[in-house]
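The structure appears below as structure tokens.
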Amino acid sequence: MAWTEDDIRFMREALRLAERGRGSTKPNPVVGAVLVKGGKILARGFHRRAGQPHAEIEALAKVSMRAAGATLYVTLEPCCHKGRTEPCTQAILRSGVRRVVVGCCDENPLVSGRGIATLRRGGVIVRAGCLKEECRRQNRAFFTWIRGRRPWVTLKAAATLDGCIGDRTERRLRGTSRWITGRPARAAAHQLRAEHDAVLVGVGTVLADNPRLTVRLCKTARQPLHVVLDSHLRTPPAAALLRTSLPALIVAATPKRPDRALAVRQRWLTAAGAEVVFLPPDRDGRPALPALLRLLAAREVQSLLVEGGGRIHGAFVRAGLVDSVAVFLAPRLVGSGVPIVEGLGLDWRRPALLGPISVRGVGEDVLLTADVVDRGHRRRT
């Protein structure tokens with residue numbers, strides 16, 4: 001389907017507007033809308049917060065809900081069901097909008113093409129698919145959550161050019177790790193945290209680095225949920241991530257038999273402000289990752305940033321649960337150390353494939369980002 005330059009321009013503006021709601025619309029997606037007539041923008045809108053007017057309603061309200069003959073550009077299919085707000089389709093039909101250009105269809109089963117069908121039955125001209133891939137990408141975490149009942153998982157690492165995320169000797173000493181990348185890269189990593197609902201590390205990272213896991217080096221009020229995979233509850237009650245006012249979730253594997261020492265450590269962590277949950281173990285006795293993702297999804301976590309360490313990365317890769325990667329590479333060589341991914345991985349004959357890869361400089365470092373397009377084959381055990 002051919003799109004005019006105006007269609008592309010106005011949809012890009014709607015995409016830009018949608019980003020203004022990033023981090024505050026959960027569990028709803030981010031959506032932007034632009035109302036146009038005679039080639040000129042009459043009004044703009046975006047979904048600001050769950051429970052508040054949707055993007056289409058905000059734009060229409062700026063013209064007193066009167067838009068006879070206008071075209072409405074919206075990044076996501078208008079809703080046709082009543083939730084906290086009235087259906088957007090009904091407001092659009094009453095407004096007199098003549099044409100609606102939709103970026104992508106909503107995969108929410110409550111909508112899923114019904115919004116477009118409702119508008120067409122009401123006599124509105126609807127064209128769908130303008131900048132479809134960009135619009136889908138903008139809400140990929142929401143679509144993964146609504147369709148797969150799990151969060152979108154991004155594997156993040158900061159490594160030397162030869163693929164090491166830390167020094168083995170150094171990491172034996174608690175809290176002695178050093179920065180691999182420069183401050184601009186660390187600020188970009190904090191921005192990544194702010195864009196995700198939760199950030200996850202393994203207990204090994206907590207013991208070695210004592211991270212706070214907070215967003216500090218960029219301007220945002222959004223802070224993610226802290227998640228620690230800790231099979232035996234070795235997280236110290238005085239850990240830095242427990243000294244913040246942010247929620248922390250310690251996830252352990254259900255023991256095979258009652259363990260008094262584990263119960264004592266659970267009480268200590270709970271007293272320190274953590275929530276401790278036990279999940280079914282996998283074959284290695286660690287919390288099963290599919291169960292973990294279901295737990296997070298039930299708590300409306302739509303996006304998860306996995307920050308390691310290497311064994312945690314390896315477990316997510318082997319389970320086929322990585323959706324995208326973000327790797328910061330520093331211009332350094334160390335020769336040996338803790339690799340980005342450790343443990344039994346995928347079959348070398350059929351690895352997970354990434355693409356397309358985006359590369360950009362961040363200070364003196366480089367950031368590589370890509371989506372997983374083929375999860376590969378699991379290695380036989």
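Residue numbering restarts at 1 for every chain of the structure tokens, chains are lettered A, B, ... in their displayed order, and ligands are numbered from 1 as they appear.
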
Quiz prompt | Selection near segment 4-7 of chain A, 9 Å with only C-alpha atoms, sequence-local residues under 3 positions removed, as a PyMOL selection string | solution = chain A and resi 10-12+39+73+101+130

Residue selection dump (N, CA and C atoms) as a tab-separated table (two decimals), in the first residue's frame:
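Output file out25.tsv follows:
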chain	number	residue	atom	x	y	z
A	10	PHE	N	2.96	12.76	9.25
A	10	PHE	CA	2.05	12.86	10.38
A	10	PHE	C	2.13	11.64	11.30
A	11	MET	N	2.38	10.46	10.70
A	11	MET	CA	2.52	9.28	11.55
A	11	MET	C	3.81	9.35	12.35
A	12	ARG	N	4.87	9.89	11.77
A	12	ARG	CA	6.11	10.05	12.53
A	12	ARG	C	5.89	11.01	13.71
A	39	GLY	N	-4.19	19.43	5.31
A	39	GLY	CA	-2.73	19.37	5.37
A	39	GLY	C	-2.13	20.05	6.58
A	73	TYR	N	-4.55	10.49	12.58
A	73	TYR	CA	-3.42	9.57	12.52
A	73	TYR	C	-3.18	9.04	13.93
A	101	VAL	N	-6.03	6.92	9.85
A	101	VAL	CA	-4.83	6.20	9.42
A	101	VAL	C	-4.21	5.56	10.66
A	130	CYS	N	0.45	2.16	8.18
A	130	CYS	CA	1.41	3.24	7.91
A	130	CYS	C	2.53	3.18	8.95

For Gln52 of chain A, find every residue with an atom within 10 Å (counting only C-alpha atoms), except residues of its own chain fewer than 5 positions away, and show them as a PDB file with N, CA and C atoms, in the first residue's frame.
ATOM      1  N   THR A  25       2.236   4.705  31.252  1.00  0.00           N
ATOM      2  CA  THR A  25       0.941   4.203  30.768  1.00  0.00           C
ATOM      3  C   THR A  25       0.638   2.771  31.191  1.00  0.00           C
ATOM      4  N   HIS A  47      -1.298   9.259  24.988  1.00  0.00           N
ATOM      5  CA  HIS A  47      -1.791   8.632  26.221  1.00  0.00           C
ATOM      6  C   HIS A  47      -0.791   8.937  27.326  1.00  0.00           C
ATOM      7  N   ILE A  57      -8.664  10.609  22.142  1.00  0.00           N
ATOM      8  CA  ILE A  57      -9.587  11.462  22.881  1.00  0.00           C
ATOM      9  C   ILE A  57      -8.926  12.774  23.255  1.00  0.00           C
ATOM     10  N   GLU A  58      -7.657  12.703  23.657  1.00  0.00           N
ATOM     11  CA  GLU A  58      -6.951  13.939  24.027  1.00  0.00           C
ATOM     12  C   GLU A  58      -6.856  14.887  22.835  1.00  0.00           C
ATOM     13  N   ARG A  84     -11.280   1.714  31.674  1.00  0.00           N
ATOM     14  CA  ARG A  84     -11.349   2.875  32.566  1.00  0.00           C
ATOM     15  C   ARG A  84     -11.900   4.095  31.841  1.00  0.00           C
ATOM     16  N   THR A  85     -11.840   4.050  30.507  1.00  0.00           N
ATOM     17  CA  THR A  85     -12.353   5.153  29.691  1.00  0.00           C
ATOM     18  C   THR A  85     -13.312   4.583  28.655  1.00  0.00           C
TER      19      THR A  85
END

Practice problem: Apply DSSP to the structure's backbone, then extract all residues of segment 75-244 of chain A labelled strand (DSSP E or B) and return them as a PyMOL selection string. | Solution: chain A and resi 75-76+99-104+125-128+152-160+164-166+198-202+225-229

Which residues of segment 222-305 of chain A have any atom within 12 Å of an atom in segment 318-332 of chain A when counting only C-alpha atoms, and what is the closest pair of atoms for each, with the distance in Å to one decimal? Order the rows by chain and rising number and write it as a Markdown table.
| residue | atom | partner | partner_atom | distance |
| --- | --- | --- | --- | --- |
| A:Asp282 | CA | A:Ala319 | CA | 10.8 |
| A:Ala288 | CA | A:Ala319 | CA | 9.7 |
| A:Leu289 | CA | A:Ala319 | CA | 7.7 |
| A:Pro290 | CA | A:Leu321 | CA | 8.2 |
| A:Ala291 | CA | A:Leu321 | CA | 11.8 |
| A:Leu292 | CA | A:Leu321 | CA | 11.2 |
| A:Leu293 | CA | A:Leu321 | CA | 9.2 |
| A:Ser303 | CA | A:Asp323 | CA | 10.1 |
| A:Leu304 | CA | A:Val322 | CA | 9.9 |
| A:Leu305 | CA | A:Val325 | CA | 9.3 |

Self-check item: Exercise: Val63 of chain A partners within 8 Å, only C-alpha atoms, chain neighbours under 3 positions left out, as a list in words
Solution: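 Counting only C-alpha atoms, the residues come to Leu42, Ala43, Ala59, Leu60, Arg66 and Ala67 of chain A.
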
Would you save the residues of that selection, restricted to C-alpha atoms, as a JSON list (two decimals), in the first residue's frame?
[["chain", "number", "residue", "atom", "x", "y", "z"],
["A", 42, "LEU", "CA", -5.41, 20.76, 14.21],
["A", 43, "ALA", "CA", -4.48, 18.97, 17.42],
["A", 59, "ALA", "CA", -6.49, 15.19, 20.46],
["A", 60, "LEU", "CA", -10.23, 15.39, 19.75],
["A", 66, "ARG", "CA", -15.73, 18.34, 16.58],
["A", 67, "ALA", "CA", -13.58, 17.22, 13.65]]

Practice problem: Quick one: everything within 12 Å of segment 252-264 of chain A, counting only C-alpha atoms, minus sequence neighbours fewer than 5 positions away in the same chain. Send it as an NGL selection string. | Solution: :A and (202-203 or 227-235 or 237 or 269-271 or 275-289 or 291-292)

Quick one: write out the picked residues with N, CA and C atoms as a CSV table (one decimal), in the first residue's frame?
chain,number,residue,atom,x,y,z
A,202,GLY,N,21.9,-11.8,38.9
A,202,GLY,CA,22.1,-13.0,39.8
A,202,GLY,C,22.8,-12.6,41.1
A,203,VAL,N,22.7,-13.5,42.0
A,203,VAL,CA,23.3,-13.2,43.3
A,203,VAL,C,24.8,-13.0,43.2
A,227,VAL,N,15.1,-7.3,40.7
A,227,VAL,CA,14.9,-8.7,40.8
A,227,VAL,C,16.3,-9.4,40.9
A,228,VAL,N,16.4,-10.3,41.9
A,228,VAL,CA,17.7,-11.0,42.1
A,228,VAL,C,17.4,-12.5,42.1
A,229,LEU,N,18.0,-13.2,41.2
A,229,LEU,CA,17.9,-14.7,41.2
A,229,LEU,C,18.9,-15.2,42.2
A,230,ASP,N,18.4,-15.8,43.2
A,230,ASP,CA,19.3,-16.2,44.4
A,230,ASP,C,18.7,-17.5,44.9
A,231,SER,N,19.2,-18.7,44.4
A,231,SER,CA,18.7,-20.0,44.8
A,231,SER,C,18.7,-20.2,46.2
A,232,HIS,N,19.8,-19.8,46.9
A,232,HIS,CA,20.0,-20.2,48.3
A,232,HIS,C,19.9,-19.0,49.3
A,233,LEU,N,19.4,-17.9,48.8
A,233,LEU,CA,19.2,-16.6,49.6
A,233,LEU,C,20.5,-16.2,50.2
A,234,ARG,N,21.5,-16.0,49.4
A,234,ARG,CA,22.8,-15.5,49.8
A,234,ARG,C,22.9,-14.0,49.8
A,235,THR,N,21.9,-13.3,49.3
A,235,THR,CA,21.9,-11.8,49.2
A,235,THR,C,22.0,-11.3,50.6
A,237,PRO,N,21.5,-8.9,53.8
A,237,PRO,CA,20.5,-7.9,54.1
A,237,PRO,C,20.9,-6.5,54.0
A,269,LEU,N,16.0,-11.2,55.1
A,269,LEU,CA,15.8,-10.4,53.9
A,269,LEU,C,14.4,-9.7,53.9
A,270,THR,N,13.4,-10.4,54.4
A,270,THR,CA,12.1,-9.7,54.5
A,270,THR,C,12.2,-8.5,55.5
A,271,ALA,N,12.9,-8.7,56.6
A,271,ALA,CA,13.1,-7.6,57.5
A,271,ALA,C,13.8,-6.4,56.9
A,275,GLU,N,11.1,-8.7,49.2
A,275,GLU,CA,10.0,-9.7,49.0
A,275,GLU,C,10.7,-11.0,48.5
A,276,VAL,N,10.5,-12.1,49.2
A,276,VAL,CA,11.2,-13.3,48.8
A,276,VAL,C,10.1,-14.3,48.3
A,277,VAL,N,10.3,-14.8,47.1
A,277,VAL,CA,9.4,-15.8,46.5
A,277,VAL,C,10.1,-17.0,46.1
A,278,PHE,N,9.5,-18.1,46.2
A,278,PHE,CA,10.1,-19.4,45.8
A,278,PHE,C,9.4,-19.9,44.6
A,279,LEU,N,10.2,-20.3,43.6
A,279,LEU,CA,9.6,-20.9,42.4
A,279,LEU,C,10.1,-22.3,42.2
A,280,PRO,N,9.4,-23.1,41.3
A,280,PRO,CA,9.9,-24.4,41.0
A,280,PRO,C,11.3,-24.4,40.5
A,281,PRO,N,12.1,-25.4,40.9
A,281,PRO,CA,13.5,-25.4,40.4
A,281,PRO,C,13.6,-26.0,39.0
A,282,ASP,N,14.6,-25.6,38.2
A,282,ASP,CA,14.9,-26.2,37.0
A,282,ASP,C,15.8,-27.4,37.2
A,283,ARG,N,16.3,-28.1,36.2
A,283,ARG,CA,17.1,-29.3,36.4
A,283,ARG,C,18.4,-29.0,37.2
A,284,ASP,N,18.8,-27.8,37.2
A,284,ASP,CA,20.1,-27.4,37.9
A,284,ASP,C,19.8,-26.9,39.3
A,285,GLY,N,18.5,-26.9,39.7
A,285,GLY,CA,18.2,-26.5,41.1
A,285,GLY,C,18.0,-25.0,41.2
A,286,ARG,N,18.0,-24.3,40.1
A,286,ARG,CA,17.8,-22.8,40.1
A,286,ARG,C,16.4,-22.5,39.8
A,287,PRO,N,15.9,-21.3,40.1
A,287,PRO,CA,14.5,-20.9,39.8
A,287,PRO,C,14.3,-21.1,38.3
A,288,ALA,N,13.2,-21.8,37.9
A,288,ALA,CA,12.9,-22.0,36.5
A,288,ALA,C,12.5,-20.7,35.9
A,289,LEU,N,13.2,-20.3,34.8
A,289,LEU,CA,13.0,-19.0,34.1
A,289,LEU,C,11.6,-18.8,33.6
A,291,ALA,N,8.8,-19.9,34.7
A,291,ALA,CA,7.9,-19.6,35.9
A,291,ALA,C,8.2,-18.2,36.4
A,292,LEU,N,9.5,-17.8,36.3
A,292,LEU,CA,9.8,-16.4,36.7
A,292,LEU,C,9.2,-15.4,35.8

Self-check item: All helix (DSSP H, G or I) residues (DSSP, backbone) inside segment 219-282 of chain A, as a PyMOL selection string
Solution: chain A and resi 240-242+260-271

Self-check item: Which residue of A:Ala185, A:Ala272, A:Ile146, A:Val372 approaches Ala158 of chain A most closely, using only C-alpha atoms
Solution: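 Going through A:Ala185, A:Ala272, A:Ile146, A:Val372 one by one, the smallest distance to Ala158 of chain A is for A:Ala185.
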
Exercise. Mind checking which residues fall within 12 Å of Gly122 of chain A, counting only C-alpha atoms, ignoring those fewer than 2 positions away in the same chain, and posting them as a ChimeraX atom specification?
Key: /A:89-100,115-120,124-126

C-alpha atoms of the current selection, written as an mmCIF file, in the first residue's frame:
data_model
loop_
_atom_site.group_PDB
_atom_site.id
_atom_site.type_symbol
_atom_site.label_atom_id
_atom_site.label_comp_id
_atom_site.auth_asym_id
_atom_site.auth_seq_id
_atom_site.Cartn_x
_atom_site.Cartn_y
_atom_site.Cartn_z
ATOM 1 C CA THR A 89 -14.125 4.277 18.345
ATOM 2 C CA GLN A 90 -17.400 5.784 19.589
ATOM 3 C CA ALA A 91 -15.819 9.171 20.224
ATOM 4 C CA ILE A 92 -14.242 9.123 16.766
ATOM 5 C CA LEU A 93 -17.573 8.297 15.121
ATOM 6 C CA ARG A 94 -19.352 11.117 16.978
ATOM 7 C CA SER A 95 -16.628 13.637 16.127
ATOM 8 C CA GLY A 96 -17.173 13.528 12.371
ATOM 9 C CA VAL A 97 -13.657 12.356 11.515
ATOM 10 C CA ARG A 98 -13.746 11.248 7.870
ATOM 11 C CA ARG A 99 -10.552 9.194 7.668
ATOM 12 C CA VAL A 100 -8.391 7.312 10.161
ATOM 13 C CA GLY A 115 -11.719 -1.272 16.394
ATOM 14 C CA ILE A 116 -11.007 -0.880 12.687
ATOM 15 C CA ALA A 117 -14.129 -2.877 11.783
ATOM 16 C CA THR A 118 -16.288 -0.693 14.052
ATOM 17 C CA LEU A 119 -15.043 2.490 12.399
ATOM 18 C CA ARG A 120 -15.604 1.119 8.909
ATOM 19 C CA VAL A 124 -15.146 6.088 8.389
ATOM 20 C CA ILE A 125 -12.404 5.443 5.822
ATOM 21 C CA VAL A 126 -9.693 3.437 7.583
#

Self-check item: Pick from A:Gly129, A:Gly308, A:Pro27, A:Gly355, whichever lies nearest to Ala50 of chain A using only C-alpha atoms
Solution: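 The answer is A:Pro27, which sits nearest to Ala50 of chain A.
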
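Distance annotation: of A:His313, A:Arg183, A:His190, A:Arg267, the residue with the minimal separation from Arg222 of chain A is A:His190; atom set is only C-alpha atoms.
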
Self-check item: Selected residue, from A:Glu107, A:Gly309, A:Ala274, A:Gly376, that lies nearest to Glu342 of chain A when counting only C-alpha atoms
Solution: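 For Glu342 of chain A, the nearest of the candidates is A:Gly309.
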
Quiz item: Which is closer to Pro78 of chain A than all the others in A:Pro224, A:Pro29, A:Arg44, A:Lys62, using only C-alpha atoms?
Solution: A:Pro29
